[in-house]
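Worksheet for the structure shown next.
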Amino acid sequence: MDSAESLPRQRSRTSASPPPFFEEEETTDLKLALLSSLHPAADASMLLELLLISHGSVAAASALLSQPSTPRHVVTSQQSSLAPFLTTAAPVPRPPKKGHTLHLYTPHHFAALTPTTLHPSFLPAPLAATLLTELLQESTTFPPPPEFVLFGRVVVSSHTACLFLRDPTPSSHQYTYQGASAPESRLFTPSMQSATALVEAAVNAELLRRDRRRGQLSPGAWHVNAALVNCYRGGDQSVGWHADQLTYLGPAAVIASVSLGCVREFRVRRVGPEAEGEGAYGLWLPHNSLLVMHAGMQEGWKHSIHPSKSVDLHPVAGNTRINITYRCYRESLRPELTPRCNCGEPAVLRAAPGKGYTWTCTQDYRPGCESCGYFVWAKFDEFGEPPWSENFVSSGQDEEGGGGGREMMSPGVEGDEVNEDGGDEDEDKNEQDGGKEDEGEDEEEDEDVVMVMVEVEEQHRDWSDETVEGSERDLDEDWSDGEDASIARELQEWRDGLV
Ligand SMILES: O=C(O)CCC(=O)C(=O)O
Ligand SMILES: [Fe+2]
């Protein structure tokens with residue numbers, strides 16, 4: 001697999017090399033200034049990224065830019081990826097057909113085909129090692145995985161997770177997950193704190209370079225204040241197809257995901273009408289890689305961690321993978337500010353692909369609870385701020401919806417009418433390979449979950465036919481790895497139409 005290990009080593013000094021005395025103690029700004037003076041044609045954000053992947057070494061970053069094989073175009077403002085440094089310019093493959101997963105082996109291809117970028121060997125190796133050790137230790141006391149209701153049955157997620165906050169906040173206890181209080185949140189460990197600055201620099205460099213999307217944070221404004229840490233012990237622990245819940249992130253969210261320990265396969269696939277007939281992409285996430293999910297990823301795509309029959313053992317983590325998803329929670333979407341549904345519980349923000357965003361009640365995912373049916377369209381300004389934010393910029397349209405705090409929403413529309421193919425969110429991830437039946441035997445949990453889904457599908461089929469367009473789509477015969485997965489996918493899509 002291509003990785004930063006295949007990066008060219010620093011060459012002997014060239015005319016564009018920095019002076020030998022210039023090293024670690026200098027500030028990033030000074031290093032950037034020097035790099036920029038050595039390579040005036042290079043784009044500032046690319047210089048920052050090169051500096052990052054060179055672990056702060058101006059000499060190494062400069063050497064990358066000076067190598068004769070470097071394609072000319074990468075040092076112009078058109079530069080959109082570091083891929084030319086990481087791989088040869090192999091042609092980008094065509095999208096896979098429905099029912100197939102195209103495995104990609106280069107960050108370049110993944111970036112060309114999906115709204116993500118992968119940075120192999122991202123953190124300085126010693127920091128990655130300490131971070132892994134710290135989080136392996138933390139994960140031994142993660143809360144038990146949450147129970148949730150799937151098609152009327154109580155199931156429990158297969159892997160464990162814990163919310164970490166960068167700083168203590170008065171509202172820390174109010175964060176919810178699928179409408180229920182998050183079991184606990186912890187403060188960033190020292191290594192998480194150290195890694196955060198590097199993650200922020202890399203993401204902000206990418207924001208500078210990429211096309212802006214409505215609602216996206218401006219370059220420099222992406223700052224980490226929370227992280228969900230996931231722990232997968234063994235290849236059978238996984239996360240099903242889902243898009244991340246947007247309640248605290250808002251629209252066009254950017255999420256930066258650091259992988260540590262055992263290598264696992266990350267899969268993505270587009271959703272919505274344009275995705276008709278398209279399959280999925282798979283990419284392995286190695287130890288110490290940074291995957292950035294860019295704006296639009298949570299709206300137009302789903303992602304998953306695919307289960308694996310066997311995994312390569314990591315020297316320290318064994319069969320365990322730790323994943324940190326760094327997040328920028330918006331001040332204006334603090335738990336005490338987000339809408340509550342009619343039953344008084346916090347509503348959940350999610351994307352309806354191609355249609356917008358909705359706040360809905362998700363209480364029916366909690367064992368023993370029912371949904372109050374709350375459903376309203378969410379409204380945001382062009383910077384992704386909700387109407388109750390003091391920074392909200394009114395567009396002058398749709399004024400009847402303006403200004404009223406939690407009640408301020410775009411005009412209400414009946415949920416079933418509008419959300420046929422939308423409405424996936426974090427909880428969806430528990431519904432397939434990530435979930436196991438409450439009373440199920442450990443050994444065959446994936447199969448059990450599929451069986452549960454099949455049963456429930458049978459029960460609801462009539463009703464779903466009446467209410468959901470497209471619920472009679474053909475089963476996706478050889479989706480991913482076989483029939484079970486294809487049934488699970490069909491059920492997922494069917495369920496998307498219901499929420
Ligand atoms: O483990 C991963 O890489 C993905 C985790 C994830 O999708 C999530 O936390 O929402
Ligand atoms: Fe996710």
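In the structure tokens, chains take the letters A, B, ... in the order shown, each chain's residues start at 1, and ligands count up from 1 in the order shown.
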- Query: What do you get as a ChimeraX atom specification if you pick all residues at most 9 Å from ligand 2, counting only C-alpha atoms and all ligand atoms?
  - Reply: /A:239,241-245,255,298,302-305,325,425-426,429
Since we have the selection now, will you write its residues out, keeping C-alpha atoms, as a PDB file, in the first residue's frame?
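So out27.pdb came out as:
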```pdb
ATOM      1  CA  VAL A 239     -19.880  -0.058  12.683  1.00  0.00           C
ATOM      2  CA  TRP A 241     -23.552   2.134   7.409  1.00  0.00           C
ATOM      3  CA  HIS A 242     -24.379   5.520   8.860  1.00  0.00           C
ATOM      4  CA  ALA A 243     -23.855   9.244   8.607  1.00  0.00           C
ATOM      5  CA  ASP A 244     -22.866  11.071  11.758  1.00  0.00           C
ATOM      6  CA  GLN A 245     -25.518  12.802  13.783  1.00  0.00           C
ATOM      7  CA  ILE A 255     -14.797  15.436  10.946  1.00  0.00           C
ATOM      8  CA  GLN A 298     -22.460  13.409   6.213  1.00  0.00           C
ATOM      9  CA  LYS A 302     -22.605   6.914   4.421  1.00  0.00           C
ATOM     10  CA  HIS A 303     -19.593   5.293   5.984  1.00  0.00           C
ATOM     11  CA  SER A 304     -18.881   2.125   7.930  1.00  0.00           C
ATOM     12  CA  ILE A 305     -16.129   0.046   9.477  1.00  0.00           C
ATOM     13  CA  THR A 325     -13.106  11.321  15.575  1.00  0.00           C
ATOM     14  CA  GLU A 425     -27.614   9.321  11.389  1.00  0.00           C
ATOM     15  CA  ASP A 426     -25.383   7.911  14.029  1.00  0.00           C
ATOM     16  CA  LYS A 429     -24.521   2.593  12.447  1.00  0.00           C
TER      17      LYS A 429
END
```
As a compact mmCIF listing (two decimals) with C-alpha atoms, in the first residue's frame, please: the residues near Val92 of chain A (cut-off 10 Å, only C-alpha atoms, same-chain neighbours under 6 positions excluded).
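Result written to out00.txt:
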```txt
# COMPACT_ATOMS: atom_id res chain seq x y z
CA LEU A 104 -8.68 1.62 -3.25
CA HIS A 108 -4.99 9.90 -4.20
CA HIS A 109 -7.79 7.73 -5.55
CA PHE A 110 -9.82 7.95 -2.38
CA ALA A 111 -9.60 11.74 -2.49
CA ALA A 112 -10.52 11.82 -6.17
CA LEU A 113 -13.60 9.66 -5.75
```
- [ ] Would you kindly return, as a ChimeraX atom specification, each protein, DNA or RNA residue with an atom no farther than 10 Å from any atom of Gly368 of chain A, considering only C-alpha atoms and excluding same-chain residues fewer than 4 positions away?
- [x] /A:148-149,152,154,363-364
Keeping only N, CA, C and O atoms, write the selected residues as an mmCIF file, in the first residue's frame.
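out-v7.cif written:
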```cif
data_model
loop_
_atom_site.group_PDB
_atom_site.id
_atom_site.type_symbol
_atom_site.label_atom_id
_atom_site.label_comp_id
_atom_site.auth_asym_id
_atom_site.auth_seq_id
_atom_site.Cartn_x
_atom_site.Cartn_y
_atom_site.Cartn_z
ATOM 1 N N PHE A 148 -30.234 -0.031 22.100
ATOM 2 C CA PHE A 148 -31.193 0.765 21.341
ATOM 3 C C PHE A 148 -32.207 -0.171 20.709
ATOM 4 O O PHE A 148 -32.022 -1.386 20.705
ATOM 5 N N VAL A 149 -33.266 0.432 20.206
ATOM 6 C CA VAL A 149 -34.344 -0.390 19.660
ATOM 7 C C VAL A 149 -34.233 -0.416 18.141
ATOM 8 O O VAL A 149 -34.090 0.613 17.495
ATOM 9 N N GLY A 152 -38.291 -2.773 16.804
ATOM 10 C CA GLY A 152 -39.023 -3.343 17.928
ATOM 11 C C GLY A 152 -38.211 -4.271 18.808
ATOM 12 O O GLY A 152 -38.724 -4.802 19.778
ATOM 13 N N VAL A 154 -34.635 -4.962 21.168
ATOM 14 C CA VAL A 154 -33.517 -4.278 21.810
ATOM 15 C C VAL A 154 -32.210 -4.902 21.334
ATOM 16 O O VAL A 154 -32.039 -6.121 21.406
ATOM 17 N N GLN A 363 -36.814 9.325 20.199
ATOM 18 C CA GLN A 363 -37.020 8.568 21.438
ATOM 19 C C GLN A 363 -37.348 7.101 21.199
ATOM 20 O O GLN A 363 -37.155 6.261 22.059
ATOM 21 N N ASP A 364 -37.879 6.817 19.984
ATOM 22 C CA ASP A 364 -38.253 5.407 19.742
ATOM 23 C C ASP A 364 -37.039 4.497 19.611
ATOM 24 O O ASP A 364 -37.185 3.286 19.552
#
```
Skipping near chain neighbours, those fewer than 3 positions away, what residues fall within 12 Å of Tyr248 of chain A using only C-alpha atoms, listed as a count of residues only?
-> 34
Q. Which parts of segment 215-341 of chain A does DSSP call strand (DSSP E or B) when run on the backbone here, written out as a ChimeraX atom specification?
A. /A:226-233,239-242,255-261,264-270,278,280-285,289-293,301-305,314,318,320-327,340
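Separating atom CA of Arg267 of chain A from atom CA of Gly282 of chain A is a distance of 4.3 Å.
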Glu138 of chain A surroundings by only C-alpha atoms, 10 Å radius, close-in-sequence under 2 positions cut, as a list of chain:residue names
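In the requested format, the answer is A:Leu132, A:Thr133, A:Glu134, A:Leu135, A:Leu136, A:Thr140, A:Thr141, A:Phe142, A:Cys162, A:Arg186, A:Thr189, A:Val229, A:Cys231.
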When you count only C-alpha atoms, which of these residues is closest to Val292 of chain A: A:Tyr105, A:Phe122, A:Tyr374, A:Phe383?
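Closest to Val292 of chain A of all the choices is A:Phe122.
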Notebook entry, point to check: Among segment 180-338 of chain A, which ones does DSSP place in alpha helix (DSSP H), written as a list in words?
Noted result: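 Residues meeting the alpha helix (DSSP H) criterion: Pro190, Ser191, Met192, Gln193, Ser194, Ala195, Thr196, Ala197, Leu198, Val199, Glu200, Ala201, Ala202, Val203, Asn204, Ala205, Glu206, Leu207, Leu208, Arg209, Met297, Gln298, Glu299 and Gly300 of chain A.
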Next item on the list: Identify which of the residues A:Leu165, A:Trp284, A:Gly300, A:Leu290 lies closest to Arg270 of chain A, counting only C-alpha atoms when measuring atom-to-atom distances.
Entry: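 When distances to Arg270 of chain A are compared using only C-alpha atoms, the smallest one comes from A:Gly300.
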| request: Select, from A:Thr362, A:Ser308, A:Ser394, A:Ser257, the residue with the minimum atom-to-atom distance to ligand 1, counting only C-alpha atoms and all ligand atoms. | output: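 Checking each candidate against ligand 1, we get A:Ser257 as the closest.
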